[in-house]
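Novice: This one is structure-v8.tsv, TSV, C-alpha atoms.
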```
chain	number	residue	atom	x	y	z
O	1453	GLU	CA	-56.88	0.38	40.61
O	1454	ILE	CA	-55.35	-3.09	40.11
O	1455	PHE	CA	-51.79	-1.80	39.63
O	1456	SER	CA	-52.09	0.43	42.70
O	1457	ARG	CA	-52.19	-2.74	44.82
O	1458	VAL	CA	-48.99	-4.12	43.28
O	1459	PRO	CA	-45.67	-3.68	45.18
O	1460	ALA	CA	-43.49	-0.85	43.91
O	1461	ARG	CA	-40.64	-3.22	43.06
O	1462	SER	CA	-42.88	-5.23	40.71
O	1463	ILE	CA	-44.00	-2.10	38.89
O	1464	THR	CA	-40.48	-0.84	38.22
O	1465	THR	CA	-38.87	-4.19	37.37
O	1466	ARG	CA	-41.66	-6.09	35.61
O	1467	PHE	CA	-44.55	-4.02	34.33
O	1468	CYS	CA	-42.54	-1.03	33.10
O	1469	CYS	CA	-40.73	-3.41	30.74
O	1470	VAL	CA	-43.87	-4.84	29.11
O	1471	SER	CA	-44.85	-2.09	26.66
O	1472	LYS	CA	-44.71	1.64	26.07
O	1473	PHE	CA	-48.47	1.82	26.52
O	1474	LEU	CA	-48.25	0.29	29.99
O	1475	VAL	CA	-45.39	2.62	30.90
O	1476	SER	CA	-47.53	5.61	29.90
O	1477	ILE	CA	-50.26	4.41	32.27
O	1478	LEU	CA	-47.88	3.85	35.17
O	1479	ARG	CA	-46.25	7.25	34.67
O	1480	CYS	CA	-49.47	9.24	34.46
O	1481	HIS	CA	-50.37	11.67	37.24
O	1482	ASP	CA	-53.62	9.92	38.19
O	1483	PHE	CA	-51.86	6.60	38.80
O	1484	THR	CA	-49.04	8.07	40.88
O	1485	GLU	CA	-51.57	9.91	43.06
O	1486	LEU	CA	-53.65	6.74	43.50
O	1487	PHE	CA	-50.57	4.68	44.37
O	1488	LEU	CA	-49.42	7.28	46.90
O	1489	THR	CA	-52.85	7.27	48.56
O	1490	LYS	CA	-52.73	3.48	48.87
O	1491	SER	CA	-49.15	3.67	50.15
O	1492	LEU	CA	-50.01	6.02	53.02
O	1493	THR	CA	-51.40	3.05	54.96
O	1494	PRO	CA	-49.55	1.22	56.25
O	1495	PRO	CA	-46.35	3.29	56.47
O	1496	ARG	CA	-42.91	1.73	56.08
O	1497	LEU	CA	-39.44	1.91	57.55
O	1498	LEU	CA	-36.75	3.17	55.16
O	1499	PHE	CA	-33.02	2.48	55.52
O	1500	THR	CA	-30.21	4.30	53.72
O	1501	ILE	CA	-27.23	1.95	53.47
O	1502	GLU	CA	-23.64	2.20	52.29
O	1503	ALA	CA	-22.06	-1.05	51.09
O	1504	ASN	CA	-19.16	-1.82	48.76
O	1505	GLY	CA	-18.80	1.81	47.75
O	1506	LYS	CA	-22.44	2.22	46.74
O	1507	LEU	CA	-25.62	3.61	48.25
O	1508	PHE	CA	-28.68	1.41	48.69
O	1509	PHE	CA	-32.20	1.80	50.04
O	1510	CYS	CA	-34.10	-0.93	51.87
O	1511	SER	CA	-37.57	-0.87	53.37
O	1512	LEU	CA	-40.10	-2.99	55.18
O	1513	PRO	CA	-43.64	-2.50	56.50
O	1514	GLN	CA	-43.59	-0.59	59.75
O	1515	PRO	CA	-44.62	-2.96	62.55
O	1516	HIS	CA	-47.91	-2.16	64.23
O	1517	ASN	CA	-49.90	-3.61	67.11
O	1518	LEU	CA	-46.66	-4.65	68.78
O	1519	ASP	CA	-48.42	-4.89	72.13
O	1520	ASP	CA	-50.49	-7.77	70.72
O	1521	ASN	CA	-47.27	-9.78	70.38
O	1522	SER	CA	-46.29	-11.42	73.67
O	1523	SER	CA	-42.64	-11.75	72.64
O	1524	LEU	CA	-40.25	-8.97	73.64
O	1525	THR	CA	-38.26	-9.47	70.42
O	1526	ILE	CA	-39.46	-9.95	66.85
O	1527	THR	CA	-37.50	-10.28	63.60
O	1528	LEU	CA	-38.43	-8.61	60.31
O	1529	VAL	CA	-36.82	-8.88	56.87
O	1530	ALA	CA	-36.01	-5.73	54.89
O	1531	SER	CA	-36.05	-5.86	51.09
O	1532	PRO	CA	-33.50	-3.81	49.11
O	1533	TYR	CA	-34.83	-1.69	46.27
O	1534	ASN	CA	-33.54	-2.77	42.89
O	1535	THR	CA	-31.33	0.23	42.16
O	1536	SER	CA	-27.98	1.09	43.72
O	1537	PHE	CA	-26.66	4.62	43.54
O	1538	PRO	CA	-23.06	5.73	42.83
O	1539	GLU	CA	-20.51	6.14	45.59
O	1540	TYR	CA	-20.13	9.85	44.90
O	1541	PHE	CA	-23.69	10.45	46.11
O	1542	PRO	CA	-23.72	12.38	49.40
O	1543	SER	CA	-25.21	10.66	52.43
O	1544	ASP	CA	-24.16	12.73	55.45
O	1545	ILE	CA	-27.53	14.50	55.66
O	1546	CYS	CA	-30.70	12.82	54.50
O	1547	SER	CA	-34.36	13.85	54.60
O	1548	THR	CA	-37.46	12.34	53.06
O	1549	VAL	CA	-40.87	13.73	52.19
O	1550	CYS	CA	-43.75	12.01	50.43
O	1551	GLY	CA	-41.58	9.18	49.09
O	1552	LEU	CA	-38.66	11.20	47.70
O	1553	VAL	CA	-35.29	11.59	49.41
O	1554	LEU	CA	-32.92	14.58	49.53
O	1555	LEU	CA	-29.25	13.61	49.99
O	1556	GLN	CA	-26.66	16.15	51.09
O	1557	GLY	CA	-23.00	16.02	52.09
O	1558	TRP	CA	-20.66	17.98	54.33
O	1559	LYS	CA	-17.89	18.30	51.74
O	1560	ARG	CA	-19.79	20.44	49.25
O	1561	LYS	CA	-20.99	17.46	47.26
O	1562	VAL	CA	-23.80	18.26	44.85
O	1563	PRO	CA	-27.19	17.59	46.53
O	1564	VAL	CA	-29.23	14.80	44.96
O	1565	ILE	CA	-32.93	13.96	45.03
O	1566	CYS	CA	-33.85	10.35	44.38
O	1567	ASN	CA	-36.85	8.08	44.46
O	1568	PRO	CA	-35.98	4.71	46.03
O	1569	ALA	CA	-39.12	3.09	44.60
O	1570	THR	CA	-38.40	3.95	40.95
O	1571	GLY	CA	-34.60	4.14	41.11
O	1572	GLU	CA	-34.54	7.58	39.48
O	1573	PHE	CA	-32.49	10.54	40.68
O	1574	LEU	CA	-31.58	14.07	39.72
O	1575	THR	CA	-28.83	16.41	40.85
O	1576	LEU	CA	-29.66	19.91	41.99
O	1577	PRO	CA	-27.99	22.92	40.37
O	1578	LYS	CA	-25.51	24.94	42.36
O	1579	SER	CA	-27.03	27.75	44.35
O	1580	ASN	CA	-25.54	31.23	44.29
O	1581	PRO	CA	-24.86	31.72	48.00
O	1582	THR	CA	-21.37	30.90	49.19
O	1583	GLU	CA	-22.47	30.51	52.83
O	1584	MET	CA	-25.20	27.88	52.84
O	1585	GLY	CA	-27.06	27.67	56.12
O	1586	GLY	CA	-29.19	24.66	55.26
O	1587	MET	CA	-31.18	22.95	52.54
O	1588	TYR	CA	-34.69	21.66	53.26
O	1589	PHE	CA	-37.16	19.54	51.31
O	1590	GLY	CA	-40.92	20.13	51.28
O	1591	TYR	CA	-44.10	19.06	49.51
O	1592	ASP	CA	-47.26	21.02	48.71
O	1593	PRO	CA	-50.18	18.53	48.86
O	1594	LEU	CA	-52.59	20.95	47.17
O	1595	GLY	CA	-50.41	21.94	44.23
O	1596	LYS	CA	-48.76	18.48	44.14
O	1597	GLN	CA	-45.32	20.08	43.99
O	1598	PHE	CA	-41.98	19.26	45.58
O	1599	LYS	CA	-39.76	22.21	46.47
O	1600	VAL	CA	-36.26	22.61	47.86
O	1601	LEU	CA	-35.49	25.55	50.14
O	1602	CYS	CA	-31.93	26.85	50.34
O	1603	MET	CA	-31.18	29.01	53.39
O	1604	THR	CA	-28.07	31.19	53.58
O	1605	TRP	CA	-26.38	32.69	56.60
O	1606	SER	CA	-23.78	35.30	57.41
O	1607	ARG	CA	-21.51	35.91	60.37
O	1608	ASP	CA	-22.85	39.40	60.90
O	1609	GLU	CA	-26.44	40.51	61.50
O	1610	ARG	CA	-27.33	41.56	57.96
O	1611	PRO	CA	-30.49	40.03	56.40
O	1612	ASN	CA	-29.88	36.99	54.22
O	1613	THR	CA	-31.35	36.22	50.82
O	1614	HIS	CA	-32.90	32.77	50.53
O	1615	GLN	CA	-33.84	30.68	47.50
O	1616	ALA	CA	-36.32	28.01	46.40
O	1617	LEU	CA	-36.46	25.49	43.58
O	1618	THR	CA	-39.50	23.65	42.21
O	1619	LEU	CA	-38.84	20.16	40.89
O	1620	GLU	CA	-41.85	20.03	38.56
O	1621	SER	CA	-40.96	23.23	36.72
O	1622	GLY	CA	-38.63	21.31	34.39
O	1623	LYS	CA	-36.02	24.08	34.48
O	1624	ARG	CA	-34.54	23.37	37.91
O	1625	LEU	CA	-33.59	26.97	38.58
O	1626	TRP	CA	-33.17	28.64	41.94
O	1627	ARG	CA	-35.52	31.57	42.57
O	1628	THR	CA	-34.76	34.33	45.06
O	1629	LEU	CA	-37.45	34.71	47.72
O	1630	GLU	CA	-38.77	38.12	48.68
O	1631	HIS	CA	-38.54	37.71	52.44
O	1632	LYS	CA	-35.03	38.43	53.75
O	1633	PHE	CA	-34.02	37.74	57.34
O	1634	HIS	CA	-30.91	36.81	59.28
O	1635	PHE	CA	-30.51	33.06	59.63
O	1636	VAL	CA	-28.10	31.16	61.85
O	1637	ASN	CA	-27.29	27.51	61.24
O	1638	ILE	CA	-27.36	25.76	64.63
O	1639	GLY	CA	-25.77	22.62	63.20
O	1640	GLU	CA	-28.74	20.25	63.39
O	1641	ILE	CA	-28.67	17.11	61.24
O	1642	ASN	CA	-32.04	16.10	59.80
O	1643	GLY	CA	-33.64	18.77	61.97
O	1644	ASP	CA	-36.50	19.65	59.61
O	1645	ILE	CA	-39.99	18.24	59.18
O	1646	CYS	CA	-42.72	18.89	56.59
O	1647	ILE	CA	-46.34	18.64	57.76
O	1648	ASP	CA	-49.32	19.40	55.52
O	1649	GLY	CA	-47.35	21.64	53.18
O	1650	VAL	CA	-45.40	23.55	55.83
O	1651	LEU	CA	-41.66	23.11	56.43
O	1652	TYR	CA	-40.48	23.52	60.01
O	1653	PHE	CA	-36.87	23.97	61.11
O	1654	ARG	CA	-35.10	25.95	63.79
O	1655	LYS	CA	-33.52	29.39	63.64
O	1656	TYR	CA	-31.35	30.03	66.67
O	1657	TYR	CA	-32.44	27.83	69.56
O	1658	LYS	CA	-35.72	29.41	70.58
O	1659	ILE	CA	-37.36	30.13	67.21
O	1660	VAL	CA	-38.96	27.73	64.73
O	1661	VAL	CA	-39.04	28.85	61.09
O	1662	CYS	CA	-42.21	27.98	59.15
O	1663	PHE	CA	-42.05	27.94	55.35
O	1664	ASP	CA	-45.34	27.57	53.49
O	1665	VAL	CA	-44.33	25.45	50.49
O	1666	ARG	CA	-47.26	26.62	48.35
O	1667	SER	CA	-47.11	30.40	48.94
O	1668	GLU	CA	-43.35	30.46	49.67
O	1669	LYS	CA	-43.95	32.71	52.67
O	1670	PHE	CA	-42.06	32.59	55.96
O	1671	SER	CA	-43.42	32.88	59.47
O	1672	PHE	CA	-41.94	32.22	62.90
O	1673	ILE	CA	-43.00	30.44	66.07
O	1674	ASN	CA	-41.49	30.99	69.49
O	1675	THR	CA	-40.78	27.91	71.55
O	1676	ASN	CA	-41.99	27.70	75.12
O	1677	GLU	CA	-39.69	29.32	77.67
O	1678	ASP	CA	-39.51	26.01	79.55
O	1679	MET	CA	-38.21	24.09	76.54
O	1680	TRP	CA	-34.60	22.97	76.47
O	1681	TYR	CA	-32.25	24.00	73.69
O	1682	SER	CA	-31.64	20.42	72.53
O	1683	LEU	CA	-34.99	19.95	70.81
O	1684	SER	CA	-35.85	17.61	67.95
O	1685	LEU	CA	-38.85	18.35	65.73
O	1686	PHE	CA	-41.22	15.62	64.60
O	1687	ASN	CA	-44.71	14.96	63.29
O	1688	TYR	CA	-47.04	14.18	66.18
O	1689	LYS	CA	-50.32	12.96	64.70
O	1690	GLY	CA	-50.40	15.77	62.14
O	1691	LYS	CA	-49.16	18.49	64.49
O	1692	LEU	CA	-45.70	19.91	65.02
O	1693	GLY	CA	-44.03	18.24	67.96
O	1694	ALA	CA	-40.76	18.81	69.77
O	1695	ARG	CA	-39.03	16.39	72.08
O	1696	CYS	CA	-36.16	16.57	74.54
O	1697	LEU	CA	-34.72	14.21	77.13
O	1698	VAL	CA	-34.03	15.69	80.56
O	1699	GLU	CA	-32.38	13.14	82.84
O	1700	GLN	CA	-34.85	10.22	82.86
O	1701	GLU	CA	-37.80	12.35	81.78
O	1702	LEU	CA	-38.92	12.64	78.17
O	1703	GLU	CA	-40.69	15.92	77.41
O	1704	LEU	CA	-43.04	15.98	74.43
O	1705	TRP	CA	-44.25	19.40	73.33
O	1706	VAL	CA	-47.05	19.79	70.76
O	1707	LEU	CA	-47.90	23.02	68.94
O	1708	GLU	CA	-51.60	23.64	69.56
O	1709	ASP	CA	-51.92	27.24	68.29
O	1710	ALA	CA	-49.27	28.56	65.88
O	1711	GLY	CA	-50.71	32.08	65.82
O	1712	ASN	CA	-50.42	32.49	69.58
O	1713	HIS	CA	-47.32	30.30	70.01
O	1714	LYS	CA	-49.19	27.94	72.34
O	1715	TRP	CA	-47.63	24.58	73.16
O	1716	SER	CA	-48.93	21.71	75.25
O	1717	LYS	CA	-46.60	19.44	77.21
O	1718	ARG	CA	-46.58	15.79	78.22
O	1719	SER	CA	-43.88	14.20	80.33
O	1720	PHE	CA	-42.92	10.56	80.56
O	1721	VAL	CA	-40.51	9.13	83.10
O	1722	PHE	CA	-38.35	6.26	81.87
O	1723	SER	CA	-37.55	3.35	84.11
O	1724	PRO	CA	-33.78	3.14	84.83
O	1725	ARG	CA	-33.50	0.20	82.42
O	1726	HIS	CA	-35.36	1.89	79.57
O	1727	TYR	CA	-33.43	5.10	80.13
O	1728	ARG	CA	-30.10	3.31	79.76
O	1729	MET	CA	-31.35	1.62	76.60
O	1730	GLY	CA	-32.59	4.85	75.01
O	1731	ARG	CA	-29.63	7.01	76.03
O	1732	GLN	CA	-27.20	4.87	74.03
O	1733	LYS	CA	-29.30	4.83	70.86
O	1734	LEU	CA	-30.48	7.25	68.18
O	1735	LEU	CA	-34.03	8.50	68.53
O	1736	LEU	CA	-35.65	8.30	65.07
O	1737	GLY	CA	-39.14	9.61	65.62
O	1738	ILE	CA	-42.62	8.73	66.76
O	1739	THR	CA	-45.04	6.48	64.91
O	1740	SER	CA	-48.69	7.31	64.26
O	1741	LYS	CA	-49.46	4.92	67.13
O	1742	GLY	CA	-47.46	7.09	69.52
O	1743	GLU	CA	-44.47	4.75	69.84
O	1744	ILE	CA	-40.98	6.21	70.12
O	1745	VAL	CA	-38.50	4.47	67.83
O	1746	TYR	CA	-34.80	4.13	68.64
O	1747	SER	CA	-32.14	2.76	66.29
O	1748	TRP	CA	-28.98	0.85	67.06
O	1749	ASN	CA	-27.03	-1.03	64.37
O	1750	SER	CA	-29.24	-3.83	63.05
O	1751	PHE	CA	-32.18	-3.52	65.42
O	1752	LEU	CA	-34.82	-1.01	66.49
O	1753	LEU	CA	-36.54	-0.37	69.80
O	1754	PHE	CA	-40.23	0.59	69.88
O	1755	TYR	CA	-41.13	2.22	73.18
O	1756	ASN	CA	-44.85	2.54	73.94
O	1757	LEU	CA	-45.39	5.65	76.05
O	1758	GLU	CA	-48.78	4.58	77.35
O	1759	SER	CA	-48.00	1.01	78.40
O	1760	ASN	CA	-44.34	1.76	79.28
O	1761	THR	CA	-43.19	-1.32	77.35
O	1762	VAL	CA	-40.35	-1.85	74.90
O	1763	LYS	CA	-40.25	-4.18	71.90
O	1764	ARG	CA	-37.03	-5.01	70.10
O	1765	VAL	CA	-37.26	-5.45	66.33
O	1766	ASN	CA	-34.32	-7.21	64.69
O	1767	ILE	CA	-33.72	-6.30	61.05
O	1768	GLN	CA	-32.49	-8.90	58.57
O	1769	GLY	CA	-32.21	-9.03	54.77
O	1770	MET	CA	-29.24	-6.69	54.25
O	1771	GLU	CA	-26.56	-9.37	54.49
O	1772	GLY	CA	-26.48	-9.87	50.72
O	1773	LEU	CA	-25.18	-6.32	50.22
O	1774	GLY	CA	-21.74	-7.29	51.52
O	1775	HIS	CA	-20.70	-5.22	54.52
O	1776	PRO	CA	-23.63	-2.83	54.96
O	1777	ARG	CA	-23.50	0.27	57.12
O	1778	ILE	CA	-26.85	1.84	57.95
O	1779	CYS	CA	-26.53	5.60	57.48
O	1780	HIS	CA	-30.09	6.71	58.19
O	1781	THR	CA	-33.40	5.17	59.22
O	1782	PHE	CA	-36.80	6.79	58.73
O	1783	VAL	CA	-40.17	5.97	60.24
O	1784	ASN	CA	-43.53	6.61	58.55
O	1785	TYR	CA	-42.05	6.34	55.03
O	1786	VAL	CA	-44.46	6.05	52.08
O	1787	GLU	CA	-43.62	4.70	48.63
O	1788	ASN	CA	-44.25	7.04	45.71
O	1789	MET	CA	-44.27	5.94	42.06
O	1790	LYS	CA	-43.67	9.48	40.83
O	1791	PHE	CA	-41.05	9.51	38.06
O	1792	ILE	CA	-38.63	12.41	38.30
```
Could you take the file, read its structure, and then write that structure out as C-alpha cells?

Specialist:
Amino acid sequence: EIFSRVPARSITTRFCCVSKFLVSILRCHDFTELFLTKSLTPPRLLFTIEANGKLFFCSLPQPHNLDDNSSLTITLVASPYNTSFPEYFPSDICSTVCGLVLLQGWKRKVPVICNPATGEFLTLPKSNPTEMGGMYFGYDPLGKQFKVLCMTWSRDERPNTHQALTLESGKRLWRTLEHKFHFVNIGEINGDICIDGVLYFRKYYKIVVCFDVRSEKFSFINTNEDMWYSLSLFNYKGKLGARCLVEQELELWVLEDAGNHKWSKRSFVFSPRHYRMGRQKLLLGITSKGEIVYSWNSFLLFYNLESNTVKRVNIQGMEGLGHPRICHTFVNYVENMKFI
C-alpha cells in the first residue's frame, strides 16, 4: 500500500536497487495491480520523443478543472522517464493500452512493446503473413492479459487469415485465429482503441471491427449512414465514440447499442477563431471531463465543449534532451509497473 503511492520513477531507480527481496515485492502481481488501480486516477499525458538519435518518453499529470483557472494559458513541466530506447526502434505508428506502448514502423522494422515506467521492452516475432494490414494492441481486464492482433489483407476478395499473440504466455508465438474474413487497410494511423477488453478499428470506411481480447472472437458494427468517411475512434466515457469535423461543426457519435448498431449524435459548432485554431492542429482525443485535446509542437489546446472555452497548456521540461521532436502525444495515459 505504501509503495503504491510512490512515483513510478522512484520505484524503478531507487527501490528496485535496494535488495532482491524488495524487487520480488515490487514485481509481484498483487503490487502491479494495486499500482495500476492507483494510477488510473488521475490520468497522465504521455509524449513519445525523438532526440539525438534516441527515443524517449515523457509524461505529466493531465490537467483537470481548467475552467477554475482564470488564465487562458498555463505552463506545465513534463518529466522524462529514466530510460532511453535505441534509434532503431520504430516510432511511425504508436498505440498505448493500460500503460504499455506498441511501436511500429513503415519500413518493416520489427514491432516493439515497451513500458515507459519500468524502461523494459521486448521485440515481437515476425508474423507469417507477407501482406500485413495492421497490428493492434489490446488488454483483457478480466484475464489480466495483453494481446497483439495482426491483421492481414489481400488485393482480391479472398478471406484473410489473422493472428494473435499473448504477451504473458512466455513463448511469444503467433496463433492463427479461426475466423477468416477479407480485411482492407484504409491507411489510418493510430486508428484503434481498446475499451473494456474490446479492440475497435475500422474495416473499409463504414464498418468497425470489434475484437474481444479475451475470447479472441470478431464481430462487426455498421456506422451510421450519416457519418462521414473521415472518422476517428476514441473512448467517450467508457463507450466507443467516433468524431469528424464537417466545416465548423464537430460531430461526436457514441455507440449506444452494439447489437443493433445504434449510435447517438451530438454536434458542436466552433466559433471562427476556435475553428481556425483546431484545423491547423492534431486532434489527440477527449478527456474523461469531455474536453477535446489538440496538439501543436510544444503546447496543447484543451477545448471545453460545454463552456465553449479554450485553454492553452505550454509544455516544458524536454529542453534537456537536446533537440526534441514530439512524435506522438496520448491523453488518459496510466502508469503500469508491470515488468515484461

Novice: Between CA of Leu1507 in chain O and CA of Lys1790 in chain O, what distance in Å does the model show, to one decimal?

Specialist: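 Separation between CA of Leu1507 in chain O and CA of Lys1790 in chain O: 20.4 Å.
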
Novice: Using all atoms listed in the file, give me every residue within 12 Å of (-36.0, 15.1, 62.2) in file coordinates, as a VMD selection string.

Specialist: chain O and resid 1545 to 1549 1588 to 1589 1640 to 1647 1651 to 1654 1683 to 1688 1692 to 1695 1734 to 1738 1780 to 1784

Novice: Which neighbours of Leu1757 in chain O fall inside 12 Å, counting only C-alpha atoms, when residues of the same chain fewer than 4 positions from it are skipped, and could you give them as a ChimeraX atom specification?

Specialist: /O:1519,1701-1704,1718-1723,1726,1738-1739,1741-1745,1761-1763

Novice: So, with all atoms listed in the file as the atoms that count, which of O:Gly1690, O:Pro1494, O:Pro1538, O:Pro1563 lies closest to Lys1506 in chain O?

Specialist: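 Looking at the shortest contact to Lys1506 in chain O, the residue is O:Pro1538.
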
Novice: Hey, what's within 9 Å of Leu1601 in chain O if we count only C-alpha atoms and toss same-chain stuff fewer than 6 positions away? As a list in words, please?

Specialist: Gly1586, Met1587, Tyr1588, Phe1589, Gly1590, His1614, Gln1615, Ala1616, Leu1617, Phe1663 and Val1665 of chain O

Novice: By how many Å are CA of Gly1557 in chain O and CA of Asp1544 in chain O apart?

Specialist: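 CA of Gly1557 in chain O sits 4.8 Å away from CA of Asp1544 in chain O.
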
Novice: Counting all atoms listed in the file, which residue out of O:Cys1510, O:Leu1753, O:Leu1619, O:Ala1530 sits closest to Gly1769 in chain O?

Specialist: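 Checking each of O:Cys1510, O:Leu1753, O:Leu1619, O:Ala1530 against Gly1769 in chain O, counting all atoms listed in the file, the winner is O:Ala1530.
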